[in-house]
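Below is the file start_24.csv, which contains CSV, C-alpha atoms and all ligand atoms.
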chain,number,residue,atom,x,y,z
U,1,MET,CA,0.0,0.0,0.0
U,2,GLU,CA,1.3,3.4,-1.0
U,3,ASP,CA,0.9,6.0,1.7
U,4,ASN,CA,-0.7,9.4,1.0
U,5,GLY,CA,2.7,11.2,1.3
U,6,GLU,CA,4.2,9.2,-1.6
U,7,LYS,CA,1.1,9.8,-3.7
U,8,THR,CA,1.1,13.6,-3.2
U,9,LYS,CA,4.8,13.7,-4.0
U,10,ARG,CA,4.2,11.8,-7.3
U,11,ASN,CA,1.4,14.1,-8.2
U,12,LEU,CA,3.5,17.0,-7.5
U,13,PHE,CA,6.3,15.7,-9.7
U,14,ARG,CA,3.9,14.9,-12.5
U,15,ASN,CA,2.5,18.4,-12.2
U,16,VAL,CA,5.9,20.1,-12.5
U,17,ARG,CA,6.9,17.8,-15.4
U,18,ASN,CA,3.7,18.7,-17.2
U,19,GLN,CA,4.3,22.4,-16.7
U,20,VAL,CA,7.9,22.1,-17.9
U,21,LYS,CA,6.8,20.2,-20.9
U,22,LYS,CA,4.2,22.9,-21.7
U,23,ALA,CA,6.6,25.7,-21.3
U,24,THR,CA,9.2,23.9,-23.5
U,25,GLN,CA,6.6,23.4,-26.2
U,26,GLN,CA,5.7,27.1,-26.0
U,27,ILE,CA,9.3,28.2,-26.3
U,28,ARG,CA,9.8,25.9,-29.3
U,29,GLU,CA,6.7,27.4,-31.0
U,30,ASP,CA,7.9,30.9,-30.3
U,31,ILE,CA,11.3,30.2,-31.8
U,32,GLN,CA,9.8,28.6,-34.8
U,33,GLU,CA,7.5,31.6,-35.3
U,34,SER,CA,10.3,34.1,-35.0
U,35,ALA,CA,12.4,32.1,-37.5
U,36,GLU,CA,9.5,32.2,-39.9
U,37,ARG,CA,9.0,36.0,-39.4
U,38,LEU,CA,12.7,36.5,-40.0
U,39,ARG,CA,12.7,34.4,-43.1
U,40,ASP,CA,9.7,36.2,-44.6
U,41,ALA,CA,10.7,39.7,-43.5
U,42,LYS,CA,11.5,41.9,-46.5
U,43,PRO,CA,13.8,44.9,-46.3
U,44,PRO,CA,11.3,47.7,-45.9
U,45,THR,CA,11.3,49.9,-49.0
U,46,ILE,CA,12.8,53.3,-48.2
U,47,LYS,CA,10.2,55.8,-49.1
U,48,ASN,CA,12.1,57.4,-51.9
U,49,PRO,CA,14.5,59.7,-50.1
U,50,LEU,CA,15.0,61.9,-53.1
U,51,ALA,CA,11.3,62.6,-53.3
U,52,ARG,CA,11.5,64.2,-49.9
U,53,LEU,CA,14.5,66.3,-50.8
U,54,ASN,CA,12.9,67.4,-54.0
U,55,ILE,CA,9.7,68.5,-52.2
U,56,VAL,CA,11.7,70.7,-49.9
U,57,LEU,CA,13.9,72.1,-52.7
U,58,LYS,CA,10.9,72.9,-54.8
U,59,GLU,CA,9.0,74.4,-51.9
U,60,MET,CA,12.0,76.7,-51.3
U,61,ALA,CA,12.5,77.4,-55.0
U,62,ILE,CA,16.2,76.7,-54.9
U,63,GLY,CA,16.4,73.5,-56.9
U,64,GLN,CA,19.3,74.8,-59.0
U,65,ARG,CA,21.5,75.9,-56.1
U,66,PHE,CA,23.0,72.5,-55.2
U,67,GLU,CA,23.8,71.7,-58.8
U,68,GLU,CA,25.5,75.0,-59.3
U,69,ASN,CA,27.5,74.7,-56.1
U,70,LEU,CA,28.6,71.2,-57.0
U,71,ALA,CA,30.0,72.4,-60.3
U,72,ARG,CA,31.6,75.4,-58.8
U,73,TYR,CA,33.3,73.6,-55.9
U,74,ARG,CA,34.5,70.8,-58.3
U,75,GLU,CA,36.3,73.5,-60.2
U,76,ILE,CA,37.7,75.2,-57.1
U,77,ILE,CA,39.0,71.9,-55.6
U,78,GLN,CA,40.6,70.8,-58.8
U,79,ARG,CA,42.2,74.1,-59.5
U,80,ARG,CA,43.7,74.1,-55.9
U,81,ALA,CA,44.9,70.5,-56.3
U,82,LYS,CA,46.9,71.5,-59.4
U,83,GLU,CA,48.4,74.5,-57.6
U,84,LYS,CA,49.3,72.8,-54.4
U,85,ASP,CA,50.8,69.5,-53.4
U,86,PHE,CA,49.9,67.5,-50.3
U,87,GLU,CA,50.9,64.1,-49.2
U,88,GLY,CA,48.6,61.1,-49.3
U,89,LYS,CA,45.0,60.9,-50.2
U,90,PRO,CA,42.5,63.8,-50.3
U,91,SER,CA,40.6,64.0,-47.1
U,92,VAL,CA,37.0,64.4,-46.0
U,93,LEU,CA,36.3,65.8,-42.5
U,94,VAL,CA,33.3,64.3,-40.7
U,95,ALA,CA,31.9,66.8,-38.2
U,96,GLY,CA,28.7,67.3,-36.2
U,97,ARG,CA,27.1,67.0,-32.8
U,98,THR,CA,28.1,64.2,-30.5
U,99,GLY,CA,26.1,61.0,-31.0
U,100,SER,CA,25.0,61.9,-34.5
U,101,GLY,CA,26.8,58.9,-35.8
U,102,LYS,CA,30.0,60.3,-37.2
U,103,SER,CA,32.3,57.4,-36.2
U,104,THR,CA,29.6,54.9,-37.3
U,105,LEU,CA,29.5,56.6,-40.8
U,106,VAL,CA,33.3,56.5,-40.9
U,107,ASN,CA,33.3,52.7,-40.2
U,108,ALA,CA,30.5,52.1,-42.8
U,109,VAL,CA,32.7,53.8,-45.5
U,110,LEU,CA,35.8,52.0,-44.4
U,111,GLY,CA,34.0,48.7,-44.3
U,112,ALA,CA,35.7,48.0,-41.0
U,113,GLU,CA,35.1,48.8,-37.3
U,114,LEU,CA,38.1,51.0,-36.9
U,115,ALA,CA,36.6,54.1,-35.2
U,116,PRO,CA,35.2,53.5,-31.7
U,117,THR,CA,31.4,54.2,-31.5
U,118,GLY,CA,28.8,53.9,-28.8
U,119,ALA,CA,25.8,55.2,-27.0
U,120,GLY,CA,25.8,57.2,-23.7
U,121,GLU,CA,28.8,59.5,-23.0
U,122,PRO,CA,30.6,61.2,-25.9
U,123,ILE,CA,33.0,58.8,-27.5
U,124,THR,CA,35.5,60.3,-29.9
U,125,MET,CA,37.9,62.7,-28.2
U,126,ASP,CA,40.5,63.4,-31.0
U,127,PHE,CA,40.7,64.0,-34.6
U,128,GLN,CA,41.8,60.8,-36.3
U,129,PRO,CA,42.3,60.2,-40.0
U,130,TYR,CA,41.3,56.8,-41.4
U,131,SER,CA,41.7,55.1,-44.7
U,132,VAL,CA,41.8,51.5,-46.1
U,133,GLU,CA,43.3,50.0,-49.2
U,134,GLY,CA,41.2,50.6,-52.2
U,135,LEU,CA,39.5,53.7,-50.8
U,136,PRO,CA,40.7,56.7,-52.7
U,137,ILE,CA,40.0,59.2,-49.8
U,138,GLU,CA,41.0,59.6,-46.2
U,139,ILE,CA,38.3,60.3,-43.7
U,140,TYR,CA,38.9,62.4,-40.6
U,141,ASP,CA,36.7,61.4,-37.6
U,142,SER,CA,36.2,64.2,-35.1
U,143,PRO,CA,35.1,64.9,-31.6
U,144,GLY,CA,31.4,66.0,-31.6
U,145,TRP,CA,30.0,69.2,-30.4
U,146,GLU,CA,28.4,68.5,-27.0
U,147,GLY,CA,26.1,71.6,-26.8
U,148,GLY,CA,26.5,74.6,-24.5
U,149,LYS,CA,28.5,77.8,-25.1
U,150,SER,CA,31.9,76.8,-23.7
U,151,LYS,CA,31.7,73.5,-25.5
U,152,ALA,CA,30.8,75.3,-28.7
U,153,ASN,CA,33.9,77.4,-28.5
U,154,GLU,CA,36.1,74.4,-27.9
U,155,PHE,CA,34.5,72.7,-30.9
U,156,ILE,CA,35.0,75.7,-33.1
U,157,ASP,CA,38.7,76.2,-32.1
U,158,ALA,CA,39.5,72.5,-32.5
U,159,ILE,CA,38.0,72.4,-36.0
U,160,LYS,CA,39.7,75.7,-37.1
U,161,HIS,CA,43.0,74.3,-35.8
U,162,LEU,CA,42.7,71.1,-37.8
U,163,LEU,CA,41.6,72.9,-40.9
U,164,ASN,CA,44.6,75.3,-40.7
U,165,LYS,CA,47.0,72.4,-40.3
U,166,ASN,CA,45.5,70.4,-43.2
U,167,ASP,CA,44.5,73.3,-45.4
U,168,ASP,CA,45.0,71.7,-48.8
U,169,LYS,CA,44.3,68.2,-47.9
U,170,ILE,CA,40.8,68.5,-46.3
U,171,GLN,CA,38.7,69.2,-49.3
U,172,VAL,CA,35.1,68.2,-48.4
U,173,ILE,CA,33.0,68.4,-45.2
U,174,TRP,CA,30.4,65.8,-44.3
U,175,TYR,CA,28.3,67.5,-41.6
U,176,VAL,CA,26.3,64.8,-39.8
U,177,ILE,CA,23.0,65.4,-38.1
U,178,ASP,CA,20.8,63.0,-36.3
U,179,ALA,CA,17.7,63.1,-38.4
U,180,GLN,CA,15.6,62.5,-35.3
U,181,ALA,CA,16.9,65.7,-33.7
U,182,SER,CA,13.7,67.6,-34.3
U,183,ARG,CA,15.2,70.9,-33.4
U,184,VAL,CA,18.0,72.8,-35.2
U,185,VAL,CA,20.1,75.2,-33.1
U,186,ASP,CA,20.9,78.6,-34.6
U,187,PHE,CA,24.5,78.3,-33.5
U,188,GLU,CA,24.9,75.2,-35.6
U,189,ILE,CA,23.5,76.9,-38.7
U,190,GLU,CA,25.6,80.0,-38.2
U,191,GLN,CA,28.8,78.0,-37.8
U,192,LEU,CA,28.1,76.0,-40.9
U,193,LYS,CA,28.0,79.3,-42.9
U,194,THR,CA,31.6,80.2,-42.0
U,195,LEU,CA,33.5,77.6,-40.0
U,196,PHE,CA,34.7,75.4,-42.9
U,197,ASP,CA,35.9,78.3,-45.0
U,198,ASP,CA,35.4,77.8,-48.7
U,199,ARG,CA,34.9,74.0,-48.5
U,200,PRO,CA,31.8,72.3,-49.8
U,201,ILE,CA,29.5,70.9,-47.2
U,202,CYS,CA,27.5,67.7,-47.7
U,203,LEU,CA,24.7,67.6,-45.1
U,204,VAL,CA,24.3,64.0,-43.9
U,205,LEU,CA,21.0,63.3,-42.2
U,206,ASN,CA,21.9,60.1,-40.4
U,207,LYS,CA,19.7,57.6,-38.6
U,208,CYS,CA,17.0,58.0,-41.3
U,209,ASP,CA,16.1,54.3,-40.6
U,210,ILE,CA,14.4,55.5,-37.4
U,211,ALA,CA,13.4,59.0,-38.2
U,212,THR,CA,9.8,59.9,-39.3
U,213,ASP,CA,9.0,61.7,-42.5
U,214,GLU,CA,8.0,64.7,-40.4
U,215,GLN,CA,11.4,64.8,-38.7
U,216,ILE,CA,13.4,64.4,-41.9
U,217,ILE,CA,11.4,67.1,-43.8
U,218,GLY,CA,11.6,69.4,-40.8
U,219,ILE,CA,15.4,69.1,-40.6
U,220,LEU,CA,15.8,69.4,-44.4
U,221,ARG,CA,13.6,72.6,-44.4
U,222,ALA,CA,15.6,74.2,-41.6
U,223,PHE,CA,19.1,73.5,-43.1
U,224,ILE,CA,18.2,74.2,-46.7
U,225,GLY,CA,16.2,77.3,-45.8
U,226,ALA,CA,19.2,78.7,-44.0
U,227,ASN,CA,21.0,79.2,-47.3
U,228,ILE,CA,24.4,77.9,-46.2
U,229,PRO,CA,26.4,79.2,-49.1
U,230,SER,CA,28.8,76.2,-49.5
U,231,GLN,CA,26.2,73.5,-49.1
U,232,VAL,CA,26.2,71.1,-52.1
U,233,GLY,CA,23.6,68.6,-51.1
U,234,ALA,CA,21.6,66.8,-48.4
U,235,TYR,CA,21.8,63.0,-48.1
U,236,GLU,CA,19.4,60.7,-46.2
U,237,VAL,CA,21.6,58.0,-44.7
U,238,ALA,CA,21.4,55.1,-42.3
U,239,ALA,CA,25.0,54.3,-41.4
U,240,LYS,CA,24.0,51.5,-39.0
U,241,PRO,CA,20.3,50.8,-39.1
U,242,GLN,CA,18.8,49.6,-35.9
U,243,THR,CA,18.2,45.8,-35.8
U,244,SER,CA,15.4,44.0,-34.1
U,245,LEU,CA,13.5,40.9,-35.0
U,246,ASP,CA,11.1,42.9,-37.2
U,247,ASP,CA,13.6,44.9,-39.2
U,248,ALA,CA,16.7,42.7,-39.0
U,249,LEU,CA,17.1,42.9,-42.7
U,250,ILE,CA,17.3,46.7,-43.1
U,251,GLU,CA,20.6,47.5,-44.9
U,252,ARG,CA,22.5,50.7,-44.5
U,253,PHE,CA,21.6,53.2,-47.2
U,254,GLY,CA,22.5,56.6,-48.6
U,255,ILE,CA,26.3,56.2,-48.4
U,256,THR,CA,26.8,55.3,-52.1
U,257,ASP,CA,25.2,58.7,-53.1
U,258,LEU,CA,27.2,60.6,-50.6
U,259,LEU,CA,30.5,59.0,-51.8
U,260,ALA,CA,29.6,59.5,-55.5
U,261,GLN,CA,29.1,63.2,-55.0
U,262,THR,CA,32.2,63.4,-53.0
U,263,TYR,CA,34.2,61.7,-55.7
U,264,TYR,CA,32.7,63.9,-58.3
U,265,LEU,CA,33.7,67.0,-56.3
U,266,ILE,CA,37.3,65.8,-55.8
U,267,GLY,CA,37.6,64.5,-59.3
U,268,ILE,CA,38.0,60.8,-58.5
U,269,ASP,CA,37.1,58.2,-61.1
U,270,GLN,CA,33.5,57.1,-60.4
U,271,ASP,CA,34.2,53.5,-61.2
U,272,THR,CA,35.6,53.0,-57.7
U,273,ASP,CA,33.7,50.0,-56.2
U,274,THR,CA,31.0,51.1,-53.7
U,275,ASN,CA,28.8,48.1,-54.1
U,276,ASN,CA,28.9,47.2,-50.5
U,277,LEU,CA,27.5,50.5,-49.3
R,301,LIG,N1,19.4,53.6,-35.7
R,301,LIG,C1,20.6,54.0,-36.0
R,301,LIG,N2,21.6,54.2,-35.1
R,301,LIG,C2,22.8,54.7,-35.5
R,301,LIG,C3,23.0,55.0,-36.8
R,301,LIG,N3,24.3,55.5,-36.9
R,301,LIG,C4,24.8,55.5,-35.6
R,301,LIG,N4,23.9,55.0,-34.8
R,301,LIG,C5,24.1,54.8,-33.3
R,301,LIG,O1,24.3,56.1,-32.7
R,301,LIG,C6,25.1,56.0,-31.6
R,301,LIG,C7,26.2,57.0,-31.7
R,301,LIG,O2,27.1,56.7,-32.8
R,301,LIG,P1,28.6,57.2,-32.9
R,301,LIG,O3,29.1,56.9,-34.2
R,301,LIG,O4,29.4,56.8,-31.7
R,301,LIG,O5,28.4,58.8,-32.8
R,301,LIG,P2,29.5,60.0,-32.9
R,301,LIG,O6,28.8,61.1,-33.7
R,301,LIG,O7,30.8,59.5,-33.4
R,301,LIG,O8,29.6,60.5,-31.4
R,301,LIG,P3,30.9,61.2,-30.7
R,301,LIG,O9,32.1,60.4,-30.9
R,301,LIG,O10,30.5,61.2,-29.2
R,301,LIG,O11,31.0,62.6,-31.2
R,301,LIG,C8,25.6,54.6,-31.6
R,301,LIG,O12,24.9,53.9,-30.6
R,301,LIG,C9,25.3,54.1,-33.0
R,301,LIG,O13,25.1,52.7,-33.1
R,301,LIG,C10,22.0,54.8,-37.8
R,301,LIG,O14,22.2,55.1,-39.0
R,301,LIG,N5,20.8,54.3,-37.3
R,302,MG,MG,32.6,59.5,-32.6

What is this structure when it is put down as structure tokens?
Amino acid sequence: MEDNGEKTKRNLFRNVRNQVKKATQQIREDIQESAERLRDAKPPTIKNPLARLNIVLKEMAIGQRFEENLARYREIIQRRAKEKDFEGKPSVLVAGRTGSGKSTLVNAVLGAELAPTGAGEPITMDFQPYSVEGLPIEIYDSPGWEGGKSKANEFIDAIKHLLNKNDDKIQVIWYVIDAQASRVVDFEIEQLKTLFDDRPICLVLNKCDIATDEQIIGILRAFIGANIPSQVGAYEVAAKPQTSLDDALIERFGITDLLAQTYYLIGIDQDTDTNNL
């Protein structure tokens, strides 16, 4: 005869076993479902970035300006290159606020994680040129502007110092903005008008993978409407799209266009392979 204690124990074990079995089954189903979602997920179509830019350009009746600036700066850069010699590859300076994704953009162009990146505290503390074999340009990563007046002055002085030192070598500016920023600071616009002397500025709206149409158009309006004399274009970019189960397949975008315009400005043969961007 089995006593009641043994029976209760057995029931308890059976109960636990059943629960574990049920939970395991549920986990299996969840994993299977996730795998199917991942397999079926298609890269979301980017809602025609150029269309957004064109809307803003038309609205502001300045469609021609970028074209004219591109041609003008191409001439200026190539004339300077003939007159002056510098060592190594022509350079692009990547500048902008801290956290906008400058170093991430540098890595995307290099095809290697060479520049440290991250969330939270400001990461990049020094100017650092990078290049890799096969890339016809050198890219200067830079410390970001952290906001606030004293920090602004530090930022301006540091940029001026770098530009003075590398006057002929740094030929194009990529000014990176977080497309989600929602607000544009007057200081930033004013600086863009003069800080980089007579160098063409490509405005890079980064993180467009997570910004809304409203945010992107708002930023485009603010920067294009400010009539920054040396601006040659605006580019919607995702240097490192956010990955989650639902959008795991989003690829980076916008960098090929940015590079193509930069090569055009500097006069580099466009056949250079940018397929992986
Ligand atoms: N969703 C999304 N996140 C991005 C993108 N680009 C960069 N990030 C993230 O933004 C954060 C900041 O990127 P960084 O490249 O370190 O920014 P930074 O401008 O170099 O910052 P500082 O070095 O502090 O000036 C990181 O967590 C990146 O993963 C993008 O295109 N999309
Ligand atoms: Mg950085």

Please identify the residues whose atoms come within 9 Å of ligand LIG 301 (chain R), using all atoms listed in the file, and report them as a ChimeraX atom specification.
-> /U:94-107,115-126,141-146,176-178,205-211,237-243,252-253

Sorted by chain and rising residue number, list the residues of stretch 48-167 of chain U at most 12 Å from stretch 191-196 of chain U (counting all atoms listed in the file), each with its closest atom pair and distance in Å to one decimal, as JSON lines.
{"residue": "U:Val92", "atom": "CA", "partner": "U:Phe196", "partner_atom": "CA", "distance": 11.7}
{"residue": "U:Leu93", "atom": "CA", "partner": "U:Phe196", "partner_atom": "CA", "distance": 9.7}
{"residue": "U:Val94", "atom": "CA", "partner": "U:Phe196", "partner_atom": "CA", "distance": 11.4}
{"residue": "U:Ala95", "atom": "CA", "partner": "U:Phe196", "partner_atom": "CA", "distance": 10.2}
{"residue": "U:Gly96", "atom": "CA", "partner": "U:Leu192", "partner_atom": "CA", "distance": 9.9}
{"residue": "U:Trp145", "atom": "CA", "partner": "U:Gln191", "partner_atom": "CA", "distance": 11.6}
{"residue": "U:Ala152", "atom": "CA", "partner": "U:Gln191", "partner_atom": "CA", "distance": 9.7}
{"residue": "U:Asn153", "atom": "CA", "partner": "U:Gln191", "partner_atom": "CA", "distance": 10.6}
{"residue": "U:Phe155", "atom": "CA", "partner": "U:Leu195", "partner_atom": "CA", "distance": 10.4}
{"residue": "U:Ile156", "atom": "CA", "partner": "U:Leu195", "partner_atom": "CA", "distance": 7.3}
{"residue": "U:Asp157", "atom": "CA", "partner": "U:Leu195", "partner_atom": "CA", "distance": 9.6}
{"residue": "U:Ala158", "atom": "CA", "partner": "U:Leu195", "partner_atom": "CA", "distance": 10.9}
{"residue": "U:Ile159", "atom": "CA", "partner": "U:Leu195", "partner_atom": "CA", "distance": 8.0}
{"residue": "U:Lys160", "atom": "CA", "partner": "U:Leu195", "partner_atom": "CA", "distance": 7.1}
{"residue": "U:His161", "atom": "CA", "partner": "U:Leu195", "partner_atom": "CA", "distance": 10.9}
{"residue": "U:Leu162", "atom": "CA", "partner": "U:Phe196", "partner_atom": "CA", "distance": 10.4}
{"residue": "U:Leu163", "atom": "CA", "partner": "U:Phe196", "partner_atom": "CA", "distance": 7.6}
{"residue": "U:Asn164", "atom": "CA", "partner": "U:Phe196", "partner_atom": "CA", "distance": 10.1}
{"residue": "U:Asn166", "atom": "CA", "partner": "U:Phe196", "partner_atom": "CA", "distance": 11.9}
{"residue": "U:Asp167", "atom": "CA", "partner": "U:Phe196", "partner_atom": "CA", "distance": 10.3}

File dump, residues just selected, C-alpha atoms, as an mmCIF file, in the coordinates of the input:
data_model
loop_
_atom_site.group_PDB
_atom_site.id
_atom_site.type_symbol
_atom_site.label_atom_id
_atom_site.label_comp_id
_atom_site.auth_asym_id
_atom_site.auth_seq_id
_atom_site.Cartn_x
_atom_site.Cartn_y
_atom_site.Cartn_z
ATOM 1 C CA VAL U 92 37.000 64.400 -46.000
ATOM 2 C CA LEU U 93 36.300 65.800 -42.500
ATOM 3 C CA VAL U 94 33.300 64.300 -40.700
ATOM 4 C CA ALA U 95 31.900 66.800 -38.200
ATOM 5 C CA GLY U 96 28.700 67.300 -36.200
ATOM 6 C CA TRP U 145 30.000 69.200 -30.400
ATOM 7 C CA ALA U 152 30.800 75.300 -28.700
ATOM 8 C CA ASN U 153 33.900 77.400 -28.500
ATOM 9 C CA PHE U 155 34.500 72.700 -30.900
ATOM 10 C CA ILE U 156 35.000 75.700 -33.100
ATOM 11 C CA ASP U 157 38.700 76.200 -32.100
ATOM 12 C CA ALA U 158 39.500 72.500 -32.500
ATOM 13 C CA ILE U 159 38.000 72.400 -36.000
ATOM 14 C CA LYS U 160 39.700 75.700 -37.100
ATOM 15 C CA HIS U 161 43.000 74.300 -35.800
ATOM 16 C CA LEU U 162 42.700 71.100 -37.800
ATOM 17 C CA LEU U 163 41.600 72.900 -40.900
ATOM 18 C CA ASN U 164 44.600 75.300 -40.700
ATOM 19 C CA ASN U 166 45.500 70.400 -43.200
ATOM 20 C CA ASP U 167 44.500 73.300 -45.400
#

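Put simply, atom CA of U:Ser230 is 5.8 Å away from atom CA of U:Ile201.
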
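Proximity of U:Arg221, U:Arg17, U:Arg37, U:Arg80 to U:Val56, computed with all atoms listed in the file, is greatest for U:Arg221.
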
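With distances restricted to all atoms listed in the file, U:Glu113 is the closest residue to ligand MG 302 (chain R) from U:Glu6, U:Glu138, U:Glu113, U:Asp30.
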
Nearest to ligand MG 302 (chain R) among U:Ile219, U:Leu114, U:Leu258, U:Ile266, with distances taken over only C-alpha atoms and all ligand atoms: which residue is it?
-> U:Leu114

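With only C-alpha atoms and all ligand atoms as the basis for measurement, U:Phe127 is the residue among U:Gln78, U:Phe187, U:Phe127, U:Arg72 that approaches ligand MG 302 (chain R) most closely.
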
Test item: residues at most 8 Å from U:Phe86, only C-alpha atoms, excluding those fewer than 2 positions along its chain, as an mmCIF file with C-alpha atoms, in the coordinates of the input:
data_model
loop_
_atom_site.group_PDB
_atom_site.id
_atom_site.type_symbol
_atom_site.label_atom_id
_atom_site.label_comp_id
_atom_site.auth_asym_id
_atom_site.auth_seq_id
_atom_site.Cartn_x
_atom_site.Cartn_y
_atom_site.Cartn_z
ATOM 1 C CA LYS U 84 49.300 72.800 -54.400
ATOM 2 C CA GLY U 88 48.600 61.100 -49.300
ATOM 3 C CA ASP U 168 45.000 71.700 -48.800
ATOM 4 C CA LYS U 169 44.300 68.200 -47.900
#

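Relative to atom CA of U:Ser182, atom CA of U:Ala260 is found at 27.7 Å.
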
Identify, on the basis of only C-alpha atoms, every residue whose closest approach to U:Tyr73 does not exceed 9 Å; exclude the query and any residue fewer than 6 positions from it along the same chain; express the result as a PyMOL selection string.
-> chain U and resi 198-200+230+232+265-266

Point-to-point distance from atom CA of U:Leu259 to atom CA of U:Tyr235, Å rounded to tenths | 10.3 Å

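The closest residue to ligand MG 302 (chain R), picked from U:Gln128, U:Asn54, U:Gln64, U:Gln26 and counting only C-alpha atoms and all ligand atoms, is U:Gln128.
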
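Of the listed residues (U:Asn15, U:Leu110, U:Gly147, U:Ile170), U:Leu110 comes nearest to U:Leu135; the distances count all atoms listed in the file.
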